[in-house]
Amino acid sequence: MLIKSSDDGFIHPISSEITSRTLYEGRRDMLRLMAGGVAGAALASWAARDALAQAAPFQRPGKLAALPARKSGVAGAMTLEKVTDYKDASTYNNFYEFGTDKSDPARNAHTLKTTPWTVEVEGLVRKPAKYALEDLLKLSAQEERIYRLRCVEGWSMVIPWVGYSLSELIKRVEPLGNARYVEFVTQADPKTMPFVGSSVLEWPYVEGLRLDEAMHPLTLLSFGMYGEVLPNQSGAPVRLVVPWKYGFKSGKSLVKIRFVEKEPRTAWNKAAAQEYGFYSNVNPNVDHPRWSQATERRIGEDGLFAKKRKTLMFNGYEAQVGQLYAGMDLKKYF
Ligand code: MTE
């Protein structure tokens with residue numbers, strides 16, 4: 001069931017299983033204190049949780065609208081690994097439209113204008129459509145999915161995303177028989193995105209998936225994280241999250257979803273074809289030409305003696321997505 005909240009204008013699903021960000025943070029703070037021997041009777045109550053969350057505030061860019069969601073039932077969608085702190089997830093980003101340093105997006109993305117926002121679905125479909133963000137949000141029930149995101153650079157995070165399977169949208173527009181790939185075009189507005197126009201990449205930032213990859217239930221059209229709408233630096237107001245591929249396949253601030261017959265040229269592929277292939281599945285057995293992909297550093301666990309983690313095939317989603325690549329030479333199609 002859906003309800004409309006009058007204060008933020010969003011449609012929210014009613015759910016008894018909402019996990020808000022305050023709750024995540026509170027739960028973690030509580031565990032931390034308990035581990036430190038500070039556990040007392042007061043800690044057992046949820047009121048104490050709120051007090052703890054306030055005692056250890058995290059940085060945030062502003063008060064963002066809540067975007068509650070029911071927990072996802074999609075196979076593999078809810079890793080039990082420790083969730084990355086919101087502060088880390090929202091201040092260590094790649095969003096080259098706002099600069100190339102990891103701290104640039106959090107610093108600069110306040111200029112991104114996210115309202116009004118429309119996403120055009122076009123190309124080889126029976127029912128092309130232009131969705132206002134508000135309509136896109138309502139197209140299917142919002143789900144929470146806790147996914148690992150692994151960057152090609154060798155770091156990873158665990159993030160509670162909010163959104164729904166991209167396949168929900170794809171089914172509605174009815175791809176034609178010759179639609180084999182989906183191209184994702186992101187916002188490129190030099191007035192609000194200071195690095196659009198720089199020569200670091202060709203703009204707009206474009207990504208692509210094969211149609212069956214785009215239809216896989218784990219491929220998420222995401223509007224939020226940690227129970228709130230996306231902060232600008234994380235790709236507001238709508239982005240893709242493809243958990244078994246290197247992070248750059250997950251385009252931020254989407255404006256067009258285009259169905260095509262031929263494999264699209266993507267931003268990183270155009271910039272360095274030898275280094276960034278079309279597939280870019282997380283694969284510890286295929287090194288990047290300049291570094292190994294066998295291990296990764298989990299953001300938030302990077303103390304002096306922190307051990308690197310072993311990177312898992314398809315980022316740990318092999319059981320769910322391995323069959324998409326059956327018989328393919330993954331060294332050739334990297
Ligand atoms: N989308 C756009 N539009 N521009 C970008 O620079 N960077 C990509 C991807 N999506 C990028 C983008 C890369 S390299 C990564 S690793 C992920 O976003 C990172 O997402 P995060 O910074 O929110 O963790």
# chains A, B, ... in the order shown; residues from 1 in each chain; ligands from 1

$ residues_around --residues "Ala141 of chain A" --least-positions-apart "6" --cutoff "8 Å" --atoms "only C-alpha atoms" --output "list in words"
Pro13, Ala69, Arg70, Gly163 and Tyr164 of chain A

$ residues_near_ligand --ligand "ligand 1" --cutoff "6 Å" --atoms "only C-alpha atoms and all ligand atoms" --output "list in words"
Asn93, Asn94, Phe95, Tyr96, Glu97, Cys151, Thr186, Tyr205, Ser234, Gly247, Phe248, Ser250, Gly251, Lys252 and Ser253 of chain A

$ write_last_selection --atoms "N, CA, C and O atoms" --output "PDB file, in the first residue's frame"
ATOM      1  N   ASN A  93      33.585   9.385  -2.701  1.00  0.00           N
ATOM      2  CA  ASN A  93      32.792   9.066  -3.897  1.00  0.00           C
ATOM      3  C   ASN A  93      33.546   9.317  -5.191  1.00  0.00           C
ATOM      4  O   ASN A  93      34.438  10.152  -5.259  1.00  0.00           O
ATOM      5  N   ASN A  94      33.091   8.623  -6.209  1.00  0.00           N
ATOM      6  CA  ASN A  94      33.478   8.943  -7.577  1.00  0.00           C
ATOM      7  C   ASN A  94      32.267   9.539  -8.284  1.00  0.00           C
ATOM      8  O   ASN A  94      31.221   8.885  -8.379  1.00  0.00           O
ATOM      9  N   PHE A  95      32.405  10.758  -8.734  1.00  0.00           N
ATOM     10  CA  PHE A  95      31.352  11.417  -9.513  1.00  0.00           C
ATOM     11  C   PHE A  95      32.105  12.523 -10.246  1.00  0.00           C
ATOM     12  O   PHE A  95      32.186  13.656  -9.778  1.00  0.00           O
ATOM     13  N   TYR A  96      32.693  12.132 -11.386  1.00  0.00           N
ATOM     14  CA  TYR A  96      33.668  12.995 -12.037  1.00  0.00           C
ATOM     15  C   TYR A  96      33.089  14.312 -12.520  1.00  0.00           C
ATOM     16  O   TYR A  96      33.832  15.253 -12.771  1.00  0.00           O
ATOM     17  N   GLU A  97      31.782  14.397 -12.634  1.00  0.00           N
ATOM     18  CA  GLU A  97      31.155  15.659 -13.017  1.00  0.00           C
ATOM     19  C   GLU A  97      31.421  16.739 -11.957  1.00  0.00           C
ATOM     20  O   GLU A  97      31.261  17.927 -12.196  1.00  0.00           O
ATOM     21  N   CYS A 151      34.666  -0.921  -6.260  1.00  0.00           N
ATOM     22  CA  CYS A 151      35.198  -0.042  -7.294  1.00  0.00           C
ATOM     23  C   CYS A 151      36.368  -0.729  -7.985  1.00  0.00           C
ATOM     24  O   CYS A 151      37.096  -1.510  -7.366  1.00  0.00           O
ATOM     25  N   THR A 186      23.686   9.826 -18.504  1.00  0.00           N
ATOM     26  CA  THR A 186      23.533  10.576 -17.256  1.00  0.00           C
ATOM     27  C   THR A 186      23.562  12.083 -17.522  1.00  0.00           C
ATOM     28  O   THR A 186      23.937  12.533 -18.610  1.00  0.00           O
ATOM     29  N   TYR A 205      28.456  11.153 -19.224  1.00  0.00           N
ATOM     30  CA  TYR A 205      28.910   9.846 -18.746  1.00  0.00           C
ATOM     31  C   TYR A 205      27.867   8.830 -19.194  1.00  0.00           C
ATOM     32  O   TYR A 205      26.689   8.959 -18.892  1.00  0.00           O
ATOM     33  N   SER A 234      25.873  10.974  -4.349  1.00  0.00           N
ATOM     34  CA  SER A 234      25.707   9.542  -4.602  1.00  0.00           C
ATOM     35  C   SER A 234      24.870   9.266  -5.839  1.00  0.00           C
ATOM     36  O   SER A 234      24.539   8.121  -6.129  1.00  0.00           O
ATOM     37  N   GLY A 247      32.115  -0.686  -9.817  1.00  0.00           N
ATOM     38  CA  GLY A 247      31.238   0.449  -9.520  1.00  0.00           C
ATOM     39  C   GLY A 247      30.940   1.363 -10.686  1.00  0.00           C
ATOM     40  O   GLY A 247      29.853   1.940 -10.769  1.00  0.00           O
ATOM     41  N   PHE A 248      31.888   1.491 -11.624  1.00  0.00           N
ATOM     42  CA  PHE A 248      31.666   2.499 -12.675  1.00  0.00           C
ATOM     43  C   PHE A 248      30.532   2.132 -13.626  1.00  0.00           C
ATOM     44  O   PHE A 248      30.042   2.968 -14.376  1.00  0.00           O
ATOM     45  N   SER A 250      27.667   1.553 -12.671  1.00  0.00           N
ATOM     46  CA  SER A 250      26.445   2.065 -12.028  1.00  0.00           C
ATOM     47  C   SER A 250      26.337   3.568 -12.223  1.00  0.00           C
ATOM     48  O   SER A 250      26.797   4.354 -11.389  1.00  0.00           O
ATOM     49  N   GLY A 251      25.742   3.971 -13.334  1.00  0.00           N
ATOM     50  CA  GLY A 251      25.658   5.391 -13.683  1.00  0.00           C
ATOM     51  C   GLY A 251      24.814   6.181 -12.688  1.00  0.00           C
ATOM     52  O   GLY A 251      23.780   5.727 -12.218  1.00  0.00           O
ATOM     53  N   LYS A 252      25.282   7.396 -12.404  1.00  0.00           N
ATOM     54  CA  LYS A 252      24.582   8.276 -11.451  1.00  0.00           C
ATOM     55  C   LYS A 252      23.807   9.368 -12.177  1.00  0.00           C
ATOM     56  O   LYS A 252      24.239   9.837 -13.228  1.00  0.00           O
ATOM     57  N   SER A 253      22.755   9.830 -11.555  1.00  0.00           N
ATOM     58  CA  SER A 253      21.940  10.936 -12.068  1.00  0.00           C
ATOM     59  C   SER A 253      21.504  10.672 -13.511  1.00  0.00           C
ATOM     60  O   SER A 253      21.838  11.412 -14.443  1.00  0.00           O
TER      61      SER A 253
END

$ residues_around --residues "segment 262-278 of chain A" --least-positions-apart "6" --cutoff "6 Å" --atoms "only C-alpha atoms" --output "PyMOL selection string"
chain A and resi 205-207+334

$ write_last_selection --atoms "N, CA and C atoms" --output "PDB file, in the first residue's frame"
ATOM      1  N   TYR A 205      28.456  11.153 -19.224  1.00  0.00           N
ATOM      2  CA  TYR A 205      28.910   9.846 -18.746  1.00  0.00           C
ATOM      3  C   TYR A 205      27.867   8.830 -19.194  1.00  0.00           C
ATOM      4  N   VAL A 206      28.325   7.833 -19.950  1.00  0.00           N
ATOM      5  CA  VAL A 206      27.392   6.842 -20.496  1.00  0.00           C
ATOM      6  C   VAL A 206      27.829   5.451 -20.043  1.00  0.00           C
ATOM      7  N   GLU A 207      26.882   4.626 -19.705  1.00  0.00           N
ATOM      8  CA  GLU A 207      27.178   3.232 -19.382  1.00  0.00           C
ATOM      9  C   GLU A 207      26.225   2.312 -20.131  1.00  0.00           C
ATOM     10  N   PHE A 334      36.278  -8.887 -20.784  1.00  0.00           N
ATOM     11  CA  PHE A 334      36.486  -8.389 -19.419  1.00  0.00           C
ATOM     12  C   PHE A 334      35.681  -7.126 -19.197  1.00  0.00           C
TER      13      PHE A 334
END

$ atom_distance --atom1 "atom CA of Tyr181 of chain A" --atom2 "atom CA of Tyr147 of chain A"
23.7 Å

$ residues_around --residues "Ala106 of chain A" --least-positions-apart "4" --cutoff "8 Å" --atoms "only C-alpha atoms" --output "ChimeraX atom specification"
/A:61,90-93,110,232-233

$ write_last_selection --atoms "N, CA, C and O atoms" --output "mmCIF file, in the first residue's frame"
data_model
loop_
_atom_site.group_PDB
_atom_site.id
_atom_site.type_symbol
_atom_site.label_atom_id
_atom_site.label_comp_id
_atom_site.auth_asym_id
_atom_site.auth_seq_id
_atom_site.Cartn_x
_atom_site.Cartn_y
_atom_site.Cartn_z
ATOM 1 N N PRO A 61 24.955 16.044 4.560
ATOM 2 C CA PRO A 61 24.921 17.290 3.813
ATOM 3 C C PRO A 61 23.703 18.143 4.129
ATOM 4 O O PRO A 61 23.713 19.330 3.919
ATOM 5 N N SER A 90 29.087 8.630 1.955
ATOM 6 C CA SER A 90 28.664 9.884 1.313
ATOM 7 C C SER A 90 29.779 10.918 1.206
ATOM 8 O O SER A 90 29.546 12.039 0.749
ATOM 9 N N THR A 91 30.987 10.543 1.621
ATOM 10 C CA THR A 91 32.095 11.503 1.497
ATOM 11 C C THR A 91 33.289 10.919 0.746
ATOM 12 O O THR A 91 34.305 11.587 0.561
ATOM 13 N N TYR A 92 33.186 9.659 0.347
ATOM 14 C CA TYR A 92 34.274 9.014 -0.410
ATOM 15 C C TYR A 92 33.651 8.508 -1.702
ATOM 16 O O TYR A 92 33.173 7.387 -1.789
ATOM 17 N N ASN A 93 33.585 9.385 -2.701
ATOM 18 C CA ASN A 93 32.792 9.066 -3.897
ATOM 19 C C ASN A 93 33.546 9.317 -5.191
ATOM 20 O O ASN A 93 34.438 10.152 -5.259
ATOM 21 N N HIS A 110 26.439 20.022 -4.247
ATOM 22 C CA HIS A 110 25.262 20.790 -3.799
ATOM 23 C C HIS A 110 24.679 21.618 -4.944
ATOM 24 O O HIS A 110 23.526 22.033 -4.893
ATOM 25 N N ASN A 232 23.114 14.165 -3.175
ATOM 26 C CA ASN A 232 23.531 14.501 -4.549
ATOM 27 C C ASN A 232 24.789 13.757 -4.976
ATOM 28 O O ASN A 232 24.873 13.240 -6.096
ATOM 29 N N GLN A 233 25.771 13.690 -4.090
ATOM 30 C CA GLN A 233 27.055 13.097 -4.472
ATOM 31 C C GLN A 233 26.961 11.601 -4.768
ATOM 32 O O GLN A 233 27.854 11.024 -5.380
#

$ closest_residue --among "A:Ala77, A:Lys332, A:Ala179, A:Pro231" --to "Asp287 of chain A" --atoms "only C-alpha atoms"
A:Lys332

$ closest_residue --among "A:Trp161, A:Trp203, A:Arg290, A:Glu143" --to "Val241 of chain A" --atoms "only C-alpha atoms"
A:Trp161

$ select_by_dssp --residues "segment 52-280 of chain A" --states "alpha helix (DSSP H)" --output "PyMOL selection string"
chain A and resi 52-55+86-91+104-108+133-138+166-173+211-215+267-271

$ residues_around --residues "Gly177 of chain A" --least-positions-apart "2" --cutoff "10 Å" --atoms "only C-alpha atoms" --output "VMD selection string"
chain A and resid 124 to 126 174 to 175 179 to 180 261

$ write_last_selection --atoms "all heavy atoms" --output "short mmCIF file (atom, residue, chain, number, x, y, z; two decimals), in the first residue's frame"
data_model
loop_
_atom_site.label_atom_id
_atom_site.label_comp_id
_atom_site.auth_asym_id
_atom_site.auth_seq_id
_atom_site.Cartn_x
_atom_site.Cartn_y
_atom_site.Cartn_z
N LEU A 124 14.63 1.20 -29.00
CA LEU A 124 13.90 0.05 -29.52
C LEU A 124 12.90 -0.51 -28.50
O LEU A 124 13.09 -1.60 -27.95
CB LEU A 124 14.91 -1.03 -29.94
CG LEU A 124 15.95 -0.56 -30.97
CD1 LEU A 124 17.02 -1.62 -31.19
CD2 LEU A 124 15.26 -0.20 -32.29
N VAL A 125 11.87 0.26 -28.24
CA VAL A 125 10.80 -0.19 -27.34
C VAL A 125 9.44 0.12 -27.97
O VAL A 125 9.31 1.06 -28.75
CB VAL A 125 10.86 0.51 -25.96
CG1 VAL A 125 12.03 0.01 -25.14
CG2 VAL A 125 10.91 2.02 -26.10
N ARG A 126 8.46 -0.69 -27.62
CA ARG A 126 7.12 -0.46 -28.15
C ARG A 126 6.49 0.77 -27.51
O ARG A 126 5.71 1.47 -28.14
CB ARG A 126 6.26 -1.71 -27.87
CG ARG A 126 5.03 -1.83 -28.76
CD ARG A 126 4.53 -3.26 -28.87
NE ARG A 126 5.40 -4.06 -29.72
CZ ARG A 126 6.04 -5.18 -29.34
NH1 ARG A 126 5.91 -5.61 -28.10
NH2 ARG A 126 6.82 -5.84 -30.17
N GLU A 174 8.27 -2.43 -22.91
CA GLU A 174 8.20 -3.50 -23.92
C GLU A 174 9.29 -3.39 -24.99
O GLU A 174 9.03 -2.94 -26.11
CB GLU A 174 6.80 -3.53 -24.56
CG GLU A 174 5.71 -3.80 -23.54
CD GLU A 174 4.32 -3.84 -24.17
OE1 GLU A 174 4.21 -3.96 -25.41
OE2 GLU A 174 3.34 -3.74 -23.42
N PRO A 175 10.48 -3.86 -24.67
CA PRO A 175 11.57 -3.84 -25.66
C PRO A 175 11.20 -4.64 -26.91
O PRO A 175 10.52 -5.66 -26.82
CB PRO A 175 12.74 -4.51 -24.93
CG PRO A 175 12.41 -4.42 -23.48
CD PRO A 175 10.92 -4.39 -23.37
N ALA A 179 16.14 -5.28 -29.68
CA ALA A 179 16.81 -4.55 -28.58
C ALA A 179 17.70 -5.54 -27.84
O ALA A 179 17.21 -6.47 -27.21
CB ALA A 179 15.77 -3.95 -27.64
N ARG A 180 19.01 -5.35 -27.92
CA ARG A 180 19.92 -6.31 -27.27
C ARG A 180 20.72 -5.68 -26.13
O ARG A 180 21.26 -6.38 -25.28
CB ARG A 180 20.86 -6.90 -28.32
CG ARG A 180 20.11 -7.77 -29.34
CD ARG A 180 21.03 -8.49 -30.27
NE ARG A 180 22.02 -9.27 -29.55
CZ ARG A 180 23.32 -9.26 -29.81
NH1 ARG A 180 23.80 -8.51 -30.77
NH2 ARG A 180 24.16 -10.00 -29.11
N GLU A 261 20.52 -1.85 -30.49
CA GLU A 261 20.85 -3.17 -31.03
C GLU A 261 22.33 -3.50 -30.82
O GLU A 261 22.70 -4.64 -30.54
CB GLU A 261 20.52 -3.17 -32.53
CG GLU A 261 20.59 -4.55 -33.13
CD GLU A 261 19.90 -4.61 -34.49
OE1 GLU A 261 19.39 -3.58 -34.97
OE2 GLU A 261 19.91 -5.71 -35.07
#

$ closest_residue --among "A:Ala75, A:Val83, A:Ala188, A:Met157" --to "Val321 of chain A" --atoms "only C-alpha atoms"
A:Ala75

$ atom_distance --atom1 "atom CA of Asp88 of chain A" --atom2 "atom CA of Val119 of chain A"
28.5 Å

$ atom_distance --atom1 "atom CA of Thr111 of chain A" --atom2 "atom CA of Tyr226 of chain A"
22.1 Å

$ closest_residue --among "A:Gly327, A:Leu136, A:Trp155, A:Leu176" --to "Leu221 of chain A" --atoms "only C-alpha atoms"
A:Leu136

$ decode --residues "segment 106-122 of chain A" --atoms "N, CA, C and O atoms" --output "compact mmCIF listing (two decimals), in the first residue's frame"
# COMPACT_ATOMS: atom_id res chain seq x y z
N ALA A 106 31.20 15.28 -2.49
CA ALA A 106 30.49 15.75 -1.29
C ALA A 106 30.62 17.26 -1.14
O ALA A 106 29.72 17.94 -0.66
N ARG A 107 31.77 17.77 -1.57
CA ARG A 107 32.01 19.22 -1.44
C ARG A 107 31.27 20.02 -2.50
O ARG A 107 30.76 21.09 -2.24
N ASN A 108 31.19 19.47 -3.71
CA ASN A 108 30.73 20.28 -4.85
C ASN A 108 29.32 19.98 -5.35
O ASN A 108 28.75 20.78 -6.09
N ALA A 109 28.78 18.81 -5.00
CA ALA A 109 27.54 18.39 -5.67
C ALA A 109 26.29 19.11 -5.18
O ALA A 109 25.19 18.85 -5.69
N HIS A 110 26.44 20.02 -4.25
CA HIS A 110 25.26 20.79 -3.80
C HIS A 110 24.68 21.62 -4.94
O HIS A 110 23.53 22.03 -4.89
N THR A 111 25.46 21.84 -6.00
CA THR A 111 24.95 22.65 -7.12
C THR A 111 24.06 21.83 -8.08
O THR A 111 23.40 22.41 -8.93
N LEU A 112 24.08 20.52 -7.95
CA LEU A 112 23.24 19.68 -8.82
C LEU A 112 21.77 20.02 -8.58
O LEU A 112 21.31 20.04 -7.44
N LYS A 113 21.05 20.26 -9.68
CA LYS A 113 19.64 20.63 -9.54
C LYS A 113 18.82 19.37 -9.84
O LYS A 113 18.82 18.89 -10.97
N THR A 114 18.13 18.85 -8.83
CA THR A 114 17.44 17.57 -9.00
C THR A 114 15.93 17.69 -9.19
O THR A 114 15.26 16.68 -9.37
N THR A 115 15.40 18.91 -9.14
CA THR A 115 13.98 19.10 -9.43
C THR A 115 13.80 20.27 -10.40
O THR A 115 14.45 21.30 -10.19
N PRO A 116 12.98 20.20 -11.41
CA PRO A 116 12.30 18.98 -11.83
C PRO A 116 13.30 18.01 -12.48
O PRO A 116 14.35 18.43 -12.94
N TRP A 117 12.94 16.72 -12.53
CA TRP A 117 13.83 15.72 -13.13
C TRP A 117 12.99 14.76 -13.96
O TRP A 117 11.94 14.30 -13.49
N THR A 118 13.43 14.50 -15.15
CA THR A 118 12.72 13.49 -15.96
C THR A 118 13.71 12.47 -16.50
O THR A 118 14.89 12.77 -16.71
N VAL A 119 13.23 11.28 -16.68
CA VAL A 119 14.03 10.21 -17.29
C VAL A 119 13.29 9.75 -18.54
O VAL A 119 12.12 9.37 -18.48
N GLU A 120 14.00 9.82 -19.66
CA GLU A 120 13.39 9.42 -20.93
C GLU A 120 13.76 8.00 -21.27
O GLU A 120 14.94 7.64 -21.21
N VAL A 121 12.78 7.20 -21.61
CA VAL A 121 13.06 5.83 -22.02
C VAL A 121 12.77 5.76 -23.51
O VAL A 121 11.64 6.04 -23.95
N GLU A 122 13.77 5.43 -24.31
CA GLU A 122 13.64 5.57 -25.76
C GLU A 122 14.37 4.47 -26.51
O GLU A 122 14.98 3.59 -25.91
